[in-house]
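Take a look at the structure below.
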Amino acid sequence: ENIEILRSDKQLLMGDVLLASAFISYIGPFTKPFRMKLMDDSFVPFLQKALTAAAGEGGLVPMSEASDVVKILCTPAQTAGWNTDGLPADAVSTENACIVVNSARWPLIIDPQLQGIKWIRNMESKPGRNLQIVRLSQNDYLRKLERSLENGHSFLIENLGESLDAVITPLIQRAAIKRGHKQYIKLGDTEIEFHPDFKLYLHTKLSNPHYPPEIQAECTLINFTVTAAGLEDQLLALTVQKERPDLAEMSEKLVAQQNGFKIKMKELEDNILFKLATAEGDITEDVDLIEGLEETKRISNDIQEKSEQALITQDRIKITNEKYRPVANRSSLLFFLMNDLGKMHTYYLYSLAAFTIVFYRGIDYCDDTKPQVFVDDDEDEDGGGDEGEDADEEGAEGDEGSTATKGKKIREPTDEELEVRCRILIDSITMTVFNYIRRGLFEVDKLTVATLLTLKIAVNDEKLTQEEVDYLIQAKSSADPGNMGPLHEWMPEIVWPKIKALEALKRFQGLGDNMQSDSDDWMAWFDAEAPELAKLPGDYQKTLNSFDRLILLRSLRPDRLTTSLRTYIAETMGNDYVFQPPFDMPAAYEETSNQTPVFFVLFPGVDPTPLVESLGATLGVSLENGNFINISMGQGQEKLAENVLQKFAASGGWVMLQNCHLMQSWVPRLERLLEVVQDGAHEGFRCFISAEPPPMANMKNMPESLLQSCIKVANEAPADIKSNLTRAWAQFSEERVTSCSKPDEFKACLFSLCWFHSIVLGRRRFGQQGWSRKYSFNNGDLVICSNVLTAYLDANDQVPWQDLRYIFGEIMYGGHITDAWDRRTNSTYLEVLVNEGLLCGMELAPGFKSPDPATMEFNDYYAYIKDVLPAEAPPQFGLHPNAEIGYLTNSADQLFMTILAIQGAGGGGGEGGGSGEDMVKGTMTDLMERLPEDFEMITLGLKAEPLMEGPTAPFVTVAVQECKRMNTLVGEIRRSLIELDKGLKGQLNMSQAMEDLVTAFTLNQWPGRNPFSLCRWEGMAWPSLKALDAQFADMLLRIQQLQEWTEELVTPLSLWLPGLFNPTAFLTAVMQVTARRTGAPLDKMTTETHISTIMDASTIDYYPEDGAFVHGLFLEGARWPVGDDIDDDPYMVANVPVNGYLTDGRLKELMPALPVMYIRAVPVQPTWEPSAVGYLRHQEDCYECPVYITSFRGPTYTFLATMKTKDPKSKWVLTGTAIIMQMN
């Protein structure tokens, strides 16, 4: 029978070997789902088709129907040996091992969890292999490599970066020089004999390395990254090991026994074949051979009998083990969540080894709830396993039972007890892992990670479907929402398409119609201060659960979503996932060891040094005792730090290395040094590291493996106004106040200065409306200003208010500020807060007066802050309540954009890419179909030529320039889409730019918006924050305006100004046309703006004098009243009716549209002040309003608009009032 099987297998060998060769050559870098996709959808069908054609009709196809590549490439005995050497038993690891041992090219192992390198070390540590493990940074690695090459030993280069040393290129290429029967490899200037038994292994810890094509071609890349299924099995084994060590020990021995049996059977088979092949004469007369065969048969039968008994025992163990499967499943999910966080920030990196420690800690925390296992000594456990037979010579363990449990019967816990225990374990491990992660998260990311964890668990436990979660994350919109009906009276237009999209979910069917029927009730719910708590109209109050309410809020009231998410997480997971206790340094220290450094993330106003020093003092570790050294890293400190690390690792002690971000060229050496000194380090050795985070989340300033191994601590100072004010006041003392010659004035001014310091810090949380750019105001600014205050009060009889405001605003705090409008905001704060009113109890903020310095001592101010300061709200910063709504809306959008980026990048165990690829292809096809043709520039030039001498020539020039820029953008879009199409079809290699384009499509993001993307759409487009579909539609509208404009090159009666690449060019053209008409010098002209009474630009039928009409602008931070809202009568400016003035915005109306704006060219007046942002009028009724292209403000500033105001200008400065050209 076996002979027949071998004969039939021989006929199928050709196709099977071809398939196995393709598998080895191409499959290595990919995840398991994509490997299956390649094999099942590409390799196997292709080979079957080709071999069928070659065999002809009726011919035998030389390929197995269901080819098992692993069976072709290795034997069960080999697999058993690999598992014994530490290779994980999952399918992917076995496939990887097959590739490693069968590949003709040197294997390059991508191994962030270090499972592959562990296996190779054990496998190659056998006698005769003399494995050498080196890094390219070692000085003697070439000498070791030469010896290994000559002697045929194994050589492992670990922890590679993304490039290799050029010296070893000939070895990587296998560029051998043949001389006679020997081969030589040239390393540098030396030729080394190439021993045929030499093996080279390349290894990297990088999770997503980018190697150049030549390395990919010359090496076999093998992805050893752990899979979800594989890790789940490993964690199941660890769980059982902790919970049931008796079963774990028995199972381990049985596995080792079975592996031994497989290896022994292979040896026996090989021995029989060898004896038969070398037998001489009549084998029936060879007594030794016959006896050997009989003995082999006896041992084989004995092994088979024991294997059957062992399998029965293993099945029993497996049934018990499987009851702990939910614990392993949750733990696997947690690890892949941790693994995905690196896409959020480069500091959020964790190793499998670190996770395993935390996983064990989670189990240890609930040891007291472990069900009791009762033992009866009178009965035998399984009665299996013949002892005293040929166990030793068979390579078996003999006794399947544990020595600890031999002769004892264990009362298994009931299913109910195990279910309760598993629930306790799951909760404990989840909470422990989350706390471990949360301790190292920035404050802004904590809710994001808690949300991501909650949603992943809900989907994994089948409490939610992925479709429901996608509706929450993506806030889908309907392409054709239809008519809003009566809802248009109160509902923003952007909300209606989202409402109609929700109707695809069963419980929201007919939502749009129901809202139109109950419009008033829904309006009341929409306008509620806390709609998440308000009663929903109709039956929705009964039918919608808490998650459904989140989906509804995502579409209707995203500003309330962060609050609701916290409530939902607290209800679903528990309050501990939302409310974090203060950082506990002693508790964190309990988790450290001599192998685990602590990494402090540095933030303004937070110094970890006192935490470490005070803890050390309680444990007898201090500078005075000679076992603590604090080194502030900088030039020349490297050698000192290395010496101290080596000394304390040997003798015990703590070393703190501060500001390591300043030493980016040295920290890789620190990483290696820590690995070396931690091997056998003293129990009392601890290393503390601190560094500032990089300016952007996806920038790196620390080595990946160093971050993976550290306990990370991100202990940010509270950012609320009360904490900031208390901390600022605590910088001073009663002695400091009494040291001034005018203590009352000093106290009043100092408290106002502390209040100013608190609000300029707190204003940052309102994003770009708070400050256009990020500024690093710090306690040093406050202390220096207090010193200046003391000096000026001592030197003057009266308080020099003007001098103090100038020094504080223009020099001290103003020294940080680079944006002219932010400088104006800063100065305005000081004008409002630092003046004579401080001594008369003026209001620093609504409901918060300046305390009377004559009646209050220094320490009384703390009680005043605690008792009198109202709850934090935007008006305390001078902002409108809408600023809070805008901030909360942006926070919710950013939270879900981050989750989408993590999931869109294929996090977790990696799912099949079919649906994602279909979505990318669909997006690509849709864009190509809607992409218009280029403008015909030659024809346009001929049209423009006769007009260039006329009065409208500047406007014609703008139109031509805009068409050129649009052609450049459209051409790049078309080129990259065609290139991507070819790449997806396999006609071109996928470049990084194509990968970035796919990622952008997956995230619905305009390509190139990520600053590290190689796509060029963003660089050729206008500034925008819109999503891909919205910005593409915006581009089509811009093209439509240009088509209408260039048809006859007649300037539009009212121009959609945001539709231009360069709006400033149009303003310049307005001034040029006026200057030519009036003969006034162009350099003595500027523009002023007036808001007309015209709401609809399409109704305009004339051109204004000395200027132009523009429309499509929005106002942020205020509102422009129209119609009956205005008390005044309209008046004429030139031939344009204008009216209105700035007034407070309506709640939840964040960016109301402006009426048509009249931009007029005017001569510069002598009283106007020239500045970097335009001419400042300094008129009481004129607010100089910045105009930005997007709400990002800052670099998108365009021009200065003049707007009429009846309120003090300072009000609009502090509310951050600005004109924005486009919604987000």
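Residue numbering restarts at 1 in every chain; chains get A, B, ... in the order shown in the structure tokens, and ligands count up from 1 in that same order.
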
Residues of range 830-949 of chain A that approach range 1208-1212 of chain A to 12 Å or less, counting only C-alpha atoms: could you list each one with the shortest pair of atoms and its distance in Å to one decimal, rows by chain and increasing residue number, as JSON lines?
```
{"residue": "A:Leu830", "atom": "CA", "partner": "A:Ser1210", "partner_atom": "CA", "distance": 10.7}
{"residue": "A:Glu831", "atom": "CA", "partner": "A:Ser1210", "partner_atom": "CA", "distance": 8.8}
{"residue": "A:Val832", "atom": "CA", "partner": "A:Ser1210", "partner_atom": "CA", "distance": 8.1}
{"residue": "A:Leu833", "atom": "CA", "partner": "A:Ser1210", "partner_atom": "CA", "distance": 11.7}
{"residue": "A:Pro875", "atom": "CA", "partner": "A:Lys1211", "partner_atom": "CA", "distance": 10.6}
{"residue": "A:Phe877", "atom": "CA", "partner": "A:Lys1211", "partner_atom": "CA", "distance": 10.7}
{"residue": "A:Gly878", "atom": "CA", "partner": "A:Lys1211", "partner_atom": "CA", "distance": 7.1}
{"residue": "A:Leu879", "atom": "CA", "partner": "A:Lys1211", "partner_atom": "CA", "distance": 8.5}
{"residue": "A:His880", "atom": "CA", "partner": "A:Trp1212", "partner_atom": "CA", "distance": 9.6}
```

What would the file look like if the residues just selected were written as an mmCIF file, in the first residue's frame with C-alpha atoms?
```
data_model
loop_
_atom_site.group_PDB
_atom_site.id
_atom_site.type_symbol
_atom_site.label_atom_id
_atom_site.label_comp_id
_atom_site.auth_asym_id
_atom_site.auth_seq_id
_atom_site.Cartn_x
_atom_site.Cartn_y
_atom_site.Cartn_z
ATOM 1 C CA LEU A 830 -2.626 92.267 28.946
ATOM 2 C CA GLU A 831 -4.507 95.484 28.116
ATOM 3 C CA VAL A 832 -7.636 93.949 29.646
ATOM 4 C CA LEU A 833 -5.961 92.333 32.668
ATOM 5 C CA PRO A 875 -16.004 83.090 28.364
ATOM 6 C CA PHE A 877 -10.793 82.986 28.007
ATOM 7 C CA GLY A 878 -12.767 85.697 26.230
ATOM 8 C CA LEU A 879 -14.103 83.133 23.752
ATOM 9 C CA HIS A 880 -17.668 82.487 22.642
#
```

Residues at most 10 Å from range 46-50 of chain A, counting only C-alpha atoms, excluding those fewer than 3 positions away in the same chain, as a PyMOL selection string?
-> chain A and resi 15-16+18-19+39-43+53-55+61-65

How far is it from CA of Thr346 in chain A to CA of Met699 in chain A, in Å with one decimal?
->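 CA of Met699 in chain A lies at a distance of 6.6 Å from CA of Thr346 in chain A.
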
Near range 322-335 of chain A, counting only C-alpha atoms, which residues have an atom at most 7 Å away, once you skip same-chain residues fewer than 6 positions from it, shown as a VMD selection string?
-> chain A and resid 228 231 to 232 235 to 236 355 422 425 to 426

Would you mind exporting the chosen residues as a PDB file, in the first residue's frame, restricted to all heavy atoms?
```
ATOM      1  N   ALA A 228      -2.677  36.411  15.083  1.00  0.00           N
ATOM      2  CA  ALA A 228      -3.680  36.394  16.158  1.00  0.00           C
ATOM      3  C   ALA A 228      -3.952  34.964  16.624  1.00  0.00           C
ATOM      4  O   ALA A 228      -3.976  34.679  17.825  1.00  0.00           O
ATOM      5  CB  ALA A 228      -4.966  37.061  15.671  1.00  0.00           C
ATOM      6  N   LEU A 231      -0.793  33.524  18.405  1.00  0.00           N
ATOM      7  CA  LEU A 231      -0.596  34.095  19.744  1.00  0.00           C
ATOM      8  C   LEU A 231      -1.665  33.585  20.711  1.00  0.00           C
ATOM      9  O   LEU A 231      -1.378  33.341  21.888  1.00  0.00           O
ATOM     10  CB  LEU A 231      -0.632  35.628  19.673  1.00  0.00           C
ATOM     11  CG  LEU A 231      -0.411  36.341  21.001  1.00  0.00           C
ATOM     12  CD1 LEU A 231       0.969  36.024  21.571  1.00  0.00           C
ATOM     13  CD2 LEU A 231      -0.579  37.853  20.847  1.00  0.00           C
ATOM     14  N   GLU A 232      -2.873  33.422  20.213  1.00  0.00           N
ATOM     15  CA  GLU A 232      -3.944  32.924  21.083  1.00  0.00           C
ATOM     16  C   GLU A 232      -3.588  31.545  21.629  1.00  0.00           C
ATOM     17  O   GLU A 232      -3.775  31.262  22.824  1.00  0.00           O
ATOM     18  CB  GLU A 232      -5.263  32.870  20.312  1.00  0.00           C
ATOM     19  CG  GLU A 232      -6.456  32.528  21.173  1.00  0.00           C
ATOM     20  CD  GLU A 232      -7.767  32.606  20.414  1.00  0.00           C
ATOM     21  OE1 GLU A 232      -7.972  33.599  19.675  1.00  0.00           O
ATOM     22  OE2 GLU A 232      -8.586  31.674  20.548  1.00  0.00           O
ATOM     23  N   LEU A 235      -0.833  31.976  24.248  1.00  0.00           N
ATOM     24  CA  LEU A 235      -1.346  32.540  25.504  1.00  0.00           C
ATOM     25  C   LEU A 235      -2.243  31.541  26.234  1.00  0.00           C
ATOM     26  O   LEU A 235      -2.314  31.553  27.471  1.00  0.00           O
ATOM     27  CB  LEU A 235      -2.115  33.835  25.219  1.00  0.00           C
ATOM     28  CG  LEU A 235      -1.250  35.002  24.738  1.00  0.00           C
ATOM     29  CD1 LEU A 235      -2.126  36.170  24.312  1.00  0.00           C
ATOM     30  CD2 LEU A 235      -0.289  35.450  25.824  1.00  0.00           C
ATOM     31  N   LEU A 236      -2.916  30.679  25.473  1.00  0.00           N
ATOM     32  CA  LEU A 236      -3.702  29.620  26.107  1.00  0.00           C
ATOM     33  C   LEU A 236      -2.777  28.702  26.910  1.00  0.00           C
ATOM     34  O   LEU A 236      -3.080  28.343  28.058  1.00  0.00           O
ATOM     35  CB  LEU A 236      -4.464  28.827  25.045  1.00  0.00           C
ATOM     36  CG  LEU A 236      -5.302  27.650  25.551  1.00  0.00           C
ATOM     37  CD1 LEU A 236      -6.368  28.136  26.526  1.00  0.00           C
ATOM     38  CD2 LEU A 236      -5.940  26.906  24.387  1.00  0.00           C
ATOM     39  N   PHE A 355       4.532  42.450  27.088  1.00  0.00           N
ATOM     40  CA  PHE A 355       3.117  42.108  27.235  1.00  0.00           C
ATOM     41  C   PHE A 355       2.940  40.858  28.084  1.00  0.00           C
ATOM     42  O   PHE A 355       2.027  40.779  28.921  1.00  0.00           O
ATOM     43  CB  PHE A 355       2.476  41.901  25.860  1.00  0.00           C
ATOM     44  CG  PHE A 355       1.078  41.350  25.921  1.00  0.00           C
ATOM     45  CD1 PHE A 355       0.004  42.172  26.224  1.00  0.00           C
ATOM     46  CD2 PHE A 355       0.830  39.999  25.717  1.00  0.00           C
ATOM     47  CE1 PHE A 355      -1.283  41.662  26.312  1.00  0.00           C
ATOM     48  CE2 PHE A 355      -0.448  39.483  25.801  1.00  0.00           C
ATOM     49  CZ  PHE A 355      -1.506  40.325  26.093  1.00  0.00           C
ATOM     50  N   CYS A 422     -12.797  32.338  34.550  1.00  0.00           N
ATOM     51  CA  CYS A 422     -12.357  32.944  33.276  1.00  0.00           C
ATOM     52  C   CYS A 422     -12.820  34.392  33.173  1.00  0.00           C
ATOM     53  O   CYS A 422     -12.079  35.257  32.685  1.00  0.00           O
ATOM     54  CB  CYS A 422     -12.890  32.131  32.095  1.00  0.00           C
ATOM     55  SG  CYS A 422     -12.011  30.576  31.855  1.00  0.00           S
ATOM     56  N   LEU A 425     -10.519  36.380  35.321  1.00  0.00           N
ATOM     57  CA  LEU A 425      -9.214  36.503  34.668  1.00  0.00           C
ATOM     58  C   LEU A 425      -9.264  37.516  33.517  1.00  0.00           C
ATOM     59  O   LEU A 425      -8.366  38.356  33.370  1.00  0.00           O
ATOM     60  CB  LEU A 425      -8.766  35.140  34.129  1.00  0.00           C
ATOM     61  CG  LEU A 425      -8.262  34.117  35.147  1.00  0.00           C
ATOM     62  CD1 LEU A 425      -8.024  32.774  34.468  1.00  0.00           C
ATOM     63  CD2 LEU A 425      -6.976  34.602  35.796  1.00  0.00           C
ATOM     64  N   ILE A 426     -10.319  37.428  32.717  1.00  0.00           N
ATOM     65  CA  ILE A 426     -10.459  38.351  31.574  1.00  0.00           C
ATOM     66  C   ILE A 426     -10.507  39.794  32.065  1.00  0.00           C
ATOM     67  O   ILE A 426      -9.812  40.671  31.533  1.00  0.00           O
ATOM     68  CB  ILE A 426     -11.713  37.999  30.755  1.00  0.00           C
ATOM     69  CG1 ILE A 426     -11.485  36.713  29.968  1.00  0.00           C
ATOM     70  CG2 ILE A 426     -12.098  39.132  29.815  1.00  0.00           C
ATOM     71  CD1 ILE A 426     -12.735  36.150  29.309  1.00  0.00           C
TER      72      ILE A 426
END
```

Kindly indicate which residue among A:Glu810, A:Glu642, A:Glu191, A:Glu936 lies nearest to Val167 in chain A, using only C-alpha atoms for the distances.
-> A:Glu191

Pick out each residue of range 768-851 of chain A that DSSP on the backbone tags as strand (DSSP E); I need them as a PyMOL selection string.
-> chain A and resi 843-845+848-849

Produce a file of the selected residues containing N, CA and C atoms, as a PDB file, in the first residue's frame.
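The result, stored in selection.pdb:
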```pdb
ATOM      1  N   GLU A 843     -13.213  92.773  37.282  1.00  0.00           N
ATOM      2  CA  GLU A 843     -13.407  91.369  36.908  1.00  0.00           C
ATOM      3  C   GLU A 843     -12.268  90.897  36.013  1.00  0.00           C
ATOM      4  N   LEU A 844     -11.627  89.817  36.439  1.00  0.00           N
ATOM      5  CA  LEU A 844     -10.636  89.176  35.570  1.00  0.00           C
ATOM      6  C   LEU A 844     -11.337  88.313  34.527  1.00  0.00           C
ATOM      7  N   ALA A 845     -12.484  87.770  34.897  1.00  0.00           N
ATOM      8  CA  ALA A 845     -13.314  86.960  34.002  1.00  0.00           C
ATOM      9  C   ALA A 845     -14.732  87.049  34.543  1.00  0.00           C
ATOM     10  N   PHE A 848     -15.508  86.403  38.322  1.00  0.00           N
ATOM     11  CA  PHE A 848     -14.238  86.190  39.046  1.00  0.00           C
ATOM     12  C   PHE A 848     -13.487  87.521  39.112  1.00  0.00           C
ATOM     13  N   LYS A 849     -13.626  88.177  40.281  1.00  0.00           N
ATOM     14  CA  LYS A 849     -13.017  89.497  40.452  1.00  0.00           C
ATOM     15  C   LYS A 849     -11.592  89.378  40.966  1.00  0.00           C
TER      16      LYS A 849
END
```

Among range 534-594 of chain A, which ones does DSSP place in alpha helix (DSSP H), written as a ChimeraX atom specification?
-> /A:540-543,546-556,561-572,585-590

Select, from A:Ile272, A:Ala1080, A:Ala229, A:Leu553, the residue with the minimum atom-to-atom distance to Val1164 in chain A, counting only C-alpha atoms.
-> A:Ala1080

Shell around range 446-454 of chain A at 10 Å using only C-alpha atoms, local window under 2 positions removed, as a ChimeraX atom specification | /A:333-334,337-338,341,344,430,434,437-444,456-460,562,565-566,568-570,572-573,577-578,580,891-892,894-900,902-903

Figure out the distance between CA of Ala1069 in chain A and CA of Ile1219 in chain A, please, to one decimal in Å.
->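 Atom-to-atom, CA of Ile1219 in chain A to CA of Ala1069 in chain A, that is 20.8 Å.
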
May I ask for the distance between CA of Pro196 in chain A and CA of Pro127 in chain A, given in Å to one decimal place?
->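 Atom-to-atom, CA of Pro196 in chain A to CA of Pro127 in chain A, that is 17.4 Å.
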